[in-house]
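Note sheet for the following structure.
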Amino acid sequence: MRHYLDFEKPIAELEGKIEELRHLSDAGELNIADEVARLQGKAERLLRQTYTKLSAWQKCQVARHPERPHSADYLAALVEDFVPLAGDRLYSEDKAILGGLGRFRGHSCVVLGQEKGHDMQSRVTHNFGMPRPEGYRKAQRLMLFAERFRLPLLTFVDTAGAYPGIGAEERGQAEAIARCIELSLQLRVPVIATVIGEGGSGGAIALATANRVIMLEHSIYSVISPEGCASILWRSAEQNQEAAEALRLTAQDLERLGVIDQIVPEPLGAAHRGRGKTMTAVGDAIEEALHALRRLDGGTLRVQRRDKFLAMGQKGLG
């Protein structure tokens with residue numbers, strides 16, 4: 001059963017009728033095939049109309065869609081001979097962040113990604129994609145590994161934010177995130193980050209301090225969730241739609257503001273309706289960025305990355 005979002009109810013009704021007709025025999029005066037084709041055309045037009053004018057809040061819903069591809073899916077589709085590396089060598093293993101070695105289209109690389117999980121059991125295992133300090137310290141370990149062996153670093157960002165639990169705070173959550181960002185700015189290897197779903201707060205920036213930041217068309221990237229913003233500013237999460245608009249968290253807003261470098265178009269109906277096409281498009285974007293960055297020496301890569309982040313806030317605000 002396909003999961004439909006609130007604003008997709010008209011689409012759900014049409015596609016439901018299509019499925020009902022497909023189970024009918026083609027007997028009688030009504031030509032089932034012709035009727036199905038007519039309804040499919042209507043559903044496609046409605047889908048296109050809906051997804052070309054999504055509001056910021058609707059994009060939040062799409063970015064959080066339970067069927068949207070996650071980091072593990074991209075690793076399986078794009079990275080060959082993946083060897084996972086676990087643990088931070090200080091406290092424990094955090095399954096909210098996947099990391100290891102692999103080959104991306106013929107290039108050896110280090111890969112990191114926040115994983116939300118796809119069902120209740122895997123979501124609990126991966127802590128709903130919210131890393132603890134040990135996850136970010138594992139990320140630091142793999143960043144240093146990439147630096148030592150001169151391997152490009154590819155990251156996939158998909159988190160509502162770092163885990164805010166008491167234990168995580170006691171073990172230095174803020175310090176672990178800050179160290180990740182600091183270390184990312186010092187690396188002398190190409191760093192390419194892709195926001196594939198939800199990029200929330202410092203928990204996302206820890207893996208997105210990159211030379212090239214790519215973002216899927218219907219993903220989001222923000223300092224705080226719309227619900228959190230509304231709770232602070234309006235003392236009510238019911239203002240989340242207004243908060244989403246004010247936060248400028250869509251890929252289109254962020255490209256205009258110079259926060260990201262490239263938007264990867266998604267298939268009609270978003271990534272969950274065309275998983276294979278989406279992953280191929282993401283792979284092509286990463287390959288193009290990697291080809292350009294591999295030509296630069298370590299010092300240039302580091303300076304370019306630092307200048308990129310220092311320049312944020314100077315574009316698109318007029």
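Naming scheme: A, B, ... for chains in displayed order of the structure tokens; residues 1 onward per chain; ligands 1 onward as shown.
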
Query raised in the report: Ile224 in chain A: which residues within 10 Å, counting only C-alpha atoms, same-chain residues fewer than 5 positions away excluded, as a PyMOL selection string?
Result: chain A and resi 160-161+199-202+229-230+243-244+247+249

Query - Selected residue, from A:Leu151, A:Ala56, A:Cys180, A:Ala72, that lies nearest to His118 in chain A when counting only C-alpha atoms - result: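 With only C-alpha atoms as the atom set, the closest residue is A:Ala72.
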
Report task. Would you kindly return, as a list in words, each protein, DNA or RNA residue with an atom no farther than 10 Å from any atom of Tyr221 in chain A, considering only C-alpha atoms and excluding same-chain residues fewer than 6 positions away? Result -> Cys60, Ala63, Val157, Asp158, Thr159, Ala160, Val195, Ile196, Gly197, Glu198, Gly199, Gly200, Ser201, Ala204, Ile205, Met215, Leu247, Arg248, Leu249, Thr250, Ala251, Asp253, Leu254, Val259 and Ile260 of chain A

Query raised in the report: Leaving out Lys59 in chain A and any residue of its chain fewer than 5 positions from it, which residues lie within 12 Å of it when counting only C-alpha atoms, given as an MDAnalysis selection string?
Result: chainID A and resid 5:7 50:54 64:65 197:198 216:221 226 241 244:245 248:252 269:271

**Report entry** Residues of range 15-177 of chain A in helix (DSSP H, G or I), written as an MDAnalysis selection string
**Finding:** chainID A and resid 15:22 32:51 56:63 71:78 120:125 127:129 133:148 166:170 173:177
